[in-house]
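Source file: structure08.txt. Holds: compact mmCIF, C-alpha atoms.
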```txt
# COMPACT_ATOMS: atom_id res chain seq x y z
CA MET W 1 6.71 -59.47 -7.71
CA SER W 2 8.22 -56.55 -9.53
CA GLN W 3 6.23 -53.33 -9.74
CA PRO W 4 5.02 -52.20 -13.19
CA GLN W 5 7.31 -49.60 -14.72
CA LYS W 6 5.83 -46.13 -14.72
CA ASN W 7 5.82 -43.90 -17.77
CA LYS W 8 8.64 -41.43 -17.87
CA ARG W 9 7.65 -37.95 -16.82
CA GLY W 10 6.22 -36.01 -19.71
CA ARG W 11 5.88 -39.08 -21.90
CA PRO W 12 2.32 -39.42 -23.23
CA SER W 13 0.45 -42.60 -22.44
CA ALA W 14 -0.90 -44.85 -25.19
CA ARG W 15 -4.37 -43.53 -24.44
CA ASP W 16 -3.24 -39.90 -24.81
CA LYS W 17 -1.49 -40.72 -28.09
CA ILE W 18 -4.67 -42.31 -29.40
CA LEU W 19 -6.76 -39.29 -28.40
CA ASP W 20 -4.32 -36.84 -29.97
CA ALA W 21 -4.35 -38.92 -33.14
CA ALA W 22 -8.15 -38.93 -33.12
CA LEU W 23 -8.21 -35.14 -32.83
CA ASP W 24 -5.74 -34.88 -35.71
CA VAL W 25 -8.03 -37.02 -37.87
CA ILE W 26 -11.07 -34.95 -36.86
CA SER W 27 -9.24 -31.76 -37.83
CA GLU W 28 -8.74 -33.19 -41.32
CA VAL W 29 -11.99 -35.03 -42.07
CA GLY W 30 -14.40 -34.05 -39.29
CA THR W 31 -16.21 -36.37 -36.92
CA THR W 32 -18.26 -37.99 -39.68
CA GLY W 33 -15.08 -39.16 -41.40
CA LEU W 34 -13.49 -40.47 -38.21
CA THR W 35 -12.85 -44.22 -38.21
CA LEU W 36 -11.04 -46.48 -35.79
CA ASP W 37 -8.83 -47.70 -38.63
CA ALA W 38 -7.76 -44.14 -39.48
CA VAL W 39 -6.92 -43.37 -35.85
CA ALA W 40 -4.96 -46.61 -35.41
CA SER W 41 -2.98 -45.86 -38.56
CA ARG W 42 -2.28 -42.27 -37.49
CA CYS W 43 -1.25 -43.41 -34.02
CA GLY W 44 0.98 -46.20 -35.30
CA ILE W 45 -0.68 -48.99 -33.34
CA SER W 46 -2.74 -52.01 -34.31
CA LYS W 47 -6.49 -51.74 -34.44
CA GLY W 48 -6.61 -54.34 -31.69
CA GLY W 49 -4.48 -52.10 -29.51
CA LEU W 50 -6.90 -49.23 -30.11
CA LEU W 51 -9.94 -51.41 -29.41
CA TYR W 52 -8.40 -52.35 -26.06
CA HIS W 53 -8.84 -48.72 -25.00
CA PHE W 54 -11.88 -47.76 -27.07
CA PRO W 55 -14.10 -50.63 -28.28
CA PHE W 56 -16.56 -48.24 -29.93
CA LYS W 57 -16.26 -45.04 -31.94
CA GLU W 58 -18.68 -43.25 -29.61
CA GLN W 59 -16.38 -43.95 -26.66
CA LEU W 60 -13.44 -42.59 -28.60
CA LEU W 61 -15.33 -39.42 -29.51
CA TYR W 62 -16.39 -38.87 -25.90
CA ALA W 63 -12.81 -39.28 -24.68
CA ALA W 64 -11.52 -37.04 -27.48
CA ASN W 65 -13.86 -34.29 -26.30
CA GLU W 66 -12.54 -34.79 -22.77
CA GLN W 67 -9.07 -34.31 -24.24
CA LEU W 68 -10.19 -31.03 -25.82
CA VAL W 69 -11.38 -29.84 -22.42
CA ARG W 70 -8.05 -30.77 -20.83
CA ARG W 71 -6.25 -28.78 -23.51
CA ARG W 72 -8.40 -25.74 -22.79
CA LEU W 73 -7.85 -26.00 -19.05
CA ALA W 74 -4.11 -26.43 -19.52
CA ALA W 75 -3.96 -23.39 -21.81
CA ARG W 76 -5.78 -21.26 -19.25
CA ALA W 77 -3.46 -22.49 -16.50
CA VAL W 78 -0.43 -21.36 -18.50
CA GLU W 79 -1.91 -17.90 -18.99
CA GLU W 80 -2.98 -17.69 -15.36
CA ALA W 81 0.53 -18.52 -14.15
CA ILE W 82 1.99 -15.38 -15.74
CA LEU W 83 -0.74 -12.98 -14.55
CA PRO W 84 -0.70 -11.12 -11.23
CA ASP W 85 -2.81 -12.58 -8.44
CA THR W 86 -5.89 -10.37 -8.68
CA PRO W 87 -9.63 -11.17 -8.57
CA SER W 88 -9.75 -10.93 -12.38
CA ARG W 89 -6.85 -13.33 -12.91
CA GLU W 90 -8.92 -16.35 -13.97
CA LEU W 91 -11.17 -14.26 -16.19
CA LYS W 92 -8.26 -12.62 -18.00
CA ALA W 93 -6.51 -15.97 -18.42
CA TYR W 94 -9.64 -17.31 -20.10
CA VAL W 95 -9.75 -14.31 -22.45
CA MET W 96 -6.08 -14.59 -23.41
CA ALA W 97 -6.26 -18.34 -23.95
CA SER W 98 -9.34 -17.92 -26.13
CA VAL W 99 -8.32 -14.99 -28.33
CA ASN W 100 -4.84 -16.47 -28.91
CA ASN W 101 -6.03 -20.08 -29.43
CA ARG W 102 -3.54 -21.30 -26.84
CA SER W 103 -5.17 -24.74 -26.71
CA GLY W 104 -4.89 -25.19 -30.49
CA ASN W 105 -8.50 -26.38 -30.57
CA ASP W 106 -10.07 -23.75 -32.81
CA PHE W 107 -9.84 -25.58 -36.13
CA ILE W 108 -11.11 -28.83 -34.60
CA SER W 109 -13.99 -26.95 -32.97
CA THR W 110 -14.88 -25.42 -36.33
CA ARG W 111 -15.06 -28.90 -37.83
CA MET W 112 -17.38 -30.01 -35.07
CA LEU W 113 -19.61 -26.96 -35.40
CA ALA W 114 -19.87 -27.48 -39.15
CA VAL W 115 -21.45 -30.93 -38.79
CA GLY W 116 -23.41 -30.18 -35.63
CA SER W 117 -21.55 -32.83 -33.64
CA LEU W 118 -21.47 -30.65 -30.51
CA ALA W 119 -25.11 -31.64 -30.03
CA ASP W 120 -24.23 -35.34 -29.90
CA GLU W 121 -24.08 -37.29 -26.66
CA SER W 122 -20.32 -37.68 -27.09
CA ALA W 123 -19.95 -33.89 -26.77
CA GLU W 124 -21.22 -33.85 -23.18
CA PRO W 125 -17.71 -33.04 -21.81
CA ILE W 126 -17.67 -29.88 -23.95
CA ARG W 127 -21.15 -28.83 -22.85
CA GLN W 128 -20.27 -29.45 -19.20
CA TYR W 129 -17.08 -27.43 -19.58
CA PHE W 130 -19.03 -24.45 -20.92
CA LYS W 131 -21.56 -24.83 -18.09
CA ASP W 132 -18.89 -24.95 -15.38
CA ARG W 133 -16.65 -22.23 -16.78
CA PHE W 134 -18.64 -19.10 -15.96
CA PRO W 135 -19.61 -19.43 -12.24
CA PRO W 136 -16.01 -19.03 -10.92
CA PHE W 137 -15.63 -15.82 -12.95
CA GLU W 138 -18.88 -14.48 -11.54
CA GLU W 139 -17.80 -15.34 -8.00
CA LYS W 140 -14.51 -13.46 -8.36
CA VAL W 141 -15.57 -10.25 -10.18
CA GLY W 142 -19.38 -10.16 -10.08
CA PHE W 143 -22.00 -11.11 -12.62
CA ASP W 144 -22.13 -7.95 -14.77
CA ARG W 145 -18.42 -7.68 -15.47
CA ALA W 146 -17.89 -11.42 -15.88
CA ALA W 147 -20.91 -11.77 -18.18
CA LEU W 148 -19.91 -8.87 -20.44
CA VAL W 149 -16.35 -10.16 -20.78
CA HIS W 150 -17.60 -13.69 -21.39
CA VAL W 151 -20.13 -12.67 -24.04
CA ALA W 152 -17.61 -10.42 -25.81
CA THR W 153 -14.95 -13.14 -25.85
CA GLU W 154 -17.30 -15.87 -27.07
CA GLY W 155 -18.85 -13.53 -29.64
CA LEU W 156 -15.44 -12.75 -31.10
CA TRP W 157 -14.55 -16.44 -31.09
CA PHE W 158 -17.74 -17.52 -32.90
CA MET W 159 -17.47 -14.74 -35.49
CA GLU W 160 -13.93 -15.77 -36.28
CA MET W 161 -14.77 -19.47 -36.39
CA LEU W 162 -17.52 -18.72 -38.91
CA HIS W 163 -15.29 -16.25 -40.80
CA LEU W 164 -17.79 -13.46 -40.14
CA SER W 165 -15.66 -11.06 -38.13
CA PRO W 166 -15.83 -7.48 -39.48
CA PHE W 167 -12.68 -6.39 -37.65
CA SER W 168 -9.28 -5.64 -39.13
CA PRO W 169 -6.24 -6.99 -37.22
CA GLU W 170 -5.76 -3.54 -35.69
CA GLN W 171 -9.41 -3.32 -34.65
CA ARG W 172 -9.29 -6.83 -33.23
CA GLU W 173 -6.26 -5.94 -31.13
CA ARG W 174 -8.06 -2.86 -29.87
CA LEU W 175 -11.15 -4.90 -29.03
CA VAL W 176 -9.14 -7.50 -27.11
CA HIS W 177 -7.45 -4.69 -25.18
CA SER W 178 -10.88 -3.30 -24.29
CA ILE W 179 -12.14 -6.72 -23.16
CA LEU W 180 -9.11 -7.18 -20.92
CA ALA W 181 -9.50 -3.67 -19.53
CA LEU W 182 -13.11 -4.46 -18.65
CA ALA W 183 -12.04 -7.69 -16.98
CA ASP W 184 -9.45 -5.79 -14.98
CA ALA W 185 -11.71 -2.87 -14.03
CA ASP W 186 -11.73 -2.14 -10.30
CA GLY W 187 -14.82 -2.65 -8.20
CA LYS W 188 -15.77 1.04 -8.06
CA GLU W 189 -15.76 1.38 -11.83
CA ALA W 190 -17.81 -1.80 -12.22
CA ASP W 191 -20.34 -0.58 -9.67
CA ARG W 192 -20.56 2.81 -11.38
CA ASN W 193 -21.18 1.18 -14.76
CA THR W 194 -23.84 -1.05 -13.25
CA ARG W 195 -25.64 1.90 -11.63
CA HIS W 196 -25.50 3.77 -14.93
CA ALA W 197 -27.03 0.79 -16.72
CA LYS W 198 -29.83 0.58 -14.15
CA THR W 199 -30.68 4.28 -14.46
CA GLY W 200 -30.74 4.22 -18.26
CA PRO W 201 -33.82 3.47 -20.41
CA SER W 202 -35.30 0.13 -19.47
CA VAL W 203 -36.02 -2.70 -21.85
CA LYS W 204 -39.72 -2.16 -21.15
CA LYS W 205 -39.50 1.46 -22.33
CA TYR W 206 -37.80 0.36 -25.53
CA LYS W 207 -40.53 -2.21 -26.14
CA ASN W 208 -43.25 0.39 -25.56
CA ARG W 209 -41.52 2.79 -27.91
CA ALA W 210 -41.32 0.08 -30.55
CA LYS W 211 -45.06 -0.58 -30.23
CA GLU W 212 -45.83 3.10 -30.64
CA THR W 213 -43.68 3.19 -33.78
CA ASP W 214 -45.49 0.15 -35.19
CA HIS W 215 -48.87 1.78 -34.58
CA GLY W 216 -47.68 4.93 -36.29
CA ASN W 217 -46.82 2.94 -39.39
```

Output the file's structure as C-alpha cells, nothing else.
Amino acid sequence: MSQPQKNKRGRPSARDKILDAALDVISEVGTTGLTLDAVASRCGISKGGLLYHFPFKEQLLYAANEQLVRRRLAARAVEEAILPDTPSRELKAYVMASVNNRSGNDFISTRMLAVGSLADESAEPIRQYFKDRFPPFEEKVGFDRAALVHVATEGLWFMEMLHLSPFSPEQRERLVHSILALADADGKEADRNTRHAKTGPSVKKYKNRAKETDHGN
C-alpha cells in the first residue's frame, strides 16, 4: 500500500487555509457576520469540504482563535531569534511583536473586542494564551520588572485599539524605547527601583490622606 503523500514544506494545509479565510472574513464583518458559506467562498472550497473539518460555526471560531494564538507565538519567535540571549530576551520579543503588530492580528482583535466575542466560549484559546504568557517573563526577570513592562505594553495596545492613545508618533517611539529599556534593565537597577518603591509612601498612607481630605470638605 502506498503511503499518503505529505504536503510540501511550507504549503498550508486545507485546515490552515480555512482558518486564514475565516480570520479574513472576521476582519471584514466581525464574528457576528461570520458564516460557513462566506468562509467556504473565501477559501475556494465547497461548503461540504469545510464541514468536513468544521461541522459547526462554534468549532470554526474556536480553531480560528487557536490560529490567532499561533500567529502571536510565531511573531514572538521571530523577534526572539534576532535578540541576544539574555534573561530579558523573551520579554523584549513580546514587546516588539506587540508594538509592531508582527502577528497582523490587531485589526481582527479590534473586531472581536467591539462585539464582546472574547468573552465567548470559543475565545478560550485567547484567554489561556494571556494566562500563560506572563509567568515565563516573571521567572526570567522577576515580578516587578516583568509586570511593569507587561502592563505598559498592554496599556499601549488597548489605547491604540480603541483609538484613545494621546501620544504622537515621536512620543510613542520614546515610550516604546523606555519600555524596552525597563525590560533590559540589569538586576541591580531593578532591585534599586523595587527598594525605592517599598520605601515610598504606602497605599495605606494615600488612603488615609484621602479620608482626611474628604472630612475637610

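Pairwise distance (CA of Val29 in chain W, CA of Cys43 in chain W) equals 15.8 Å.
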
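Between CA of Ser41 in chain W and CA of Glu124 in chain W the separation is 26.7 Å.
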
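Shortest atom-to-atom contact with Thr35 in chain W among W:Ala14, W:Val78, W:Leu60, W:Leu164: W:Leu60, counting all atoms listed in the file.
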
Discussion item. So that I can check the surroundings of Asp24 in chain W, please list as a PyMOL selection string every protein, DNA and RNA residue that reaches within 9 Å of it, counting only C-alpha atoms and ignoring chain neighbours fewer than 5 positions away.
Written reply: chain W and resi 19+29+39+42+108

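Distance annotation: of W:Leu156, W:Leu91, W:Gly48, W:Gln128, the residue with the minimal separation from Phe143 in chain W is W:Leu91; atom set is only C-alpha atoms.
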
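Atom pair CA of Gly49 in chain W / CA of Glu121 in chain W has a distance of 24.7 Å (rounded to one decimal).
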
Worksheet item: Which residue, W:Ala147, W:Ile18, W:Val69, W:Ala74, has the smallest gap to Tyr52 in chain W when you use only C-alpha atoms?
Response: W:Ile18

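Candidate residues W:Ala146, W:Leu162, W:Ala63, W:Ala22 were compared for distance to Gly44 in chain W, and the nearest is W:Ala22, using all atoms listed in the file.
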
Practice prompt. Counting all atoms listed in the file, write as a VMD selection string all protein and nucleic acid residues lying at most 7 Å from (-16.1, -30.0, -23.4) in the file's frame.
Written response: chain W and resid 65 to 66 68 to 69 123 to 130

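Among the candidates W:Glu170, W:Asp144, W:Asp106, W:Glu79, the residue lying nearest to Ser27 in chain W is W:Asp106 (atoms considered: all atoms listed in the file).
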
Response to the item:
Counting only C-alpha atoms, closest pick from W:Met159, W:Val176, W:Ala40, W:Ile45 relative to Thr110 in chain W is W:Met159

Item to complete: Name all residues at most 8 Å from Gly30 in chain W (count only C-alpha atoms; drop same-chain ones fewer than 5 positions away) and give them as a PyMOL selection string.
Response: chain W and resi 25+108+111-112+115

Do you know which residues lie at most 10 Å from (-10.0, -14.0, -18.9), with coordinates as in the file and all atoms listed in the file counted, and could you write them as a PDB file with C-alpha atoms, keeping the file's coordinate frame?
```pdb
ATOM      1  CA  ARG W  76      -5.780 -21.260 -19.250  1.00  0.00           C
ATOM      2  CA  GLU W  79      -1.910 -17.900 -18.990  1.00  0.00           C
ATOM      3  CA  GLU W  80      -2.980 -17.690 -15.360  1.00  0.00           C
ATOM      4  CA  SER W  88      -9.750 -10.930 -12.380  1.00  0.00           C
ATOM      5  CA  ARG W  89      -6.850 -13.330 -12.910  1.00  0.00           C
ATOM      6  CA  GLU W  90      -8.920 -16.350 -13.970  1.00  0.00           C
ATOM      7  CA  LEU W  91     -11.170 -14.260 -16.190  1.00  0.00           C
ATOM      8  CA  LYS W  92      -8.260 -12.620 -18.000  1.00  0.00           C
ATOM      9  CA  ALA W  93      -6.510 -15.970 -18.420  1.00  0.00           C
ATOM     10  CA  TYR W  94      -9.640 -17.310 -20.100  1.00  0.00           C
ATOM     11  CA  VAL W  95      -9.750 -14.310 -22.450  1.00  0.00           C
ATOM     12  CA  MET W  96      -6.080 -14.590 -23.410  1.00  0.00           C
ATOM     13  CA  ALA W  97      -6.260 -18.340 -23.950  1.00  0.00           C
ATOM     14  CA  SER W  98      -9.340 -17.920 -26.130  1.00  0.00           C
ATOM     15  CA  VAL W  99      -8.320 -14.990 -28.330  1.00  0.00           C
ATOM     16  CA  PHE W 137     -15.630 -15.820 -12.950  1.00  0.00           C
ATOM     17  CA  ALA W 146     -17.890 -11.420 -15.880  1.00  0.00           C
ATOM     18  CA  VAL W 149     -16.350 -10.160 -20.780  1.00  0.00           C
ATOM     19  CA  HIS W 150     -17.600 -13.690 -21.390  1.00  0.00           C
ATOM     20  CA  THR W 153     -14.950 -13.140 -25.850  1.00  0.00           C
ATOM     21  CA  ILE W 179     -12.140  -6.720 -23.160  1.00  0.00           C
ATOM     22  CA  LEU W 180      -9.110  -7.180 -20.920  1.00  0.00           C
ATOM     23  CA  ALA W 183     -12.040  -7.690 -16.980  1.00  0.00           C
ATOM     24  CA  ASP W 184      -9.450  -5.790 -14.980  1.00  0.00           C
TER      25      ASP W 184
END
```
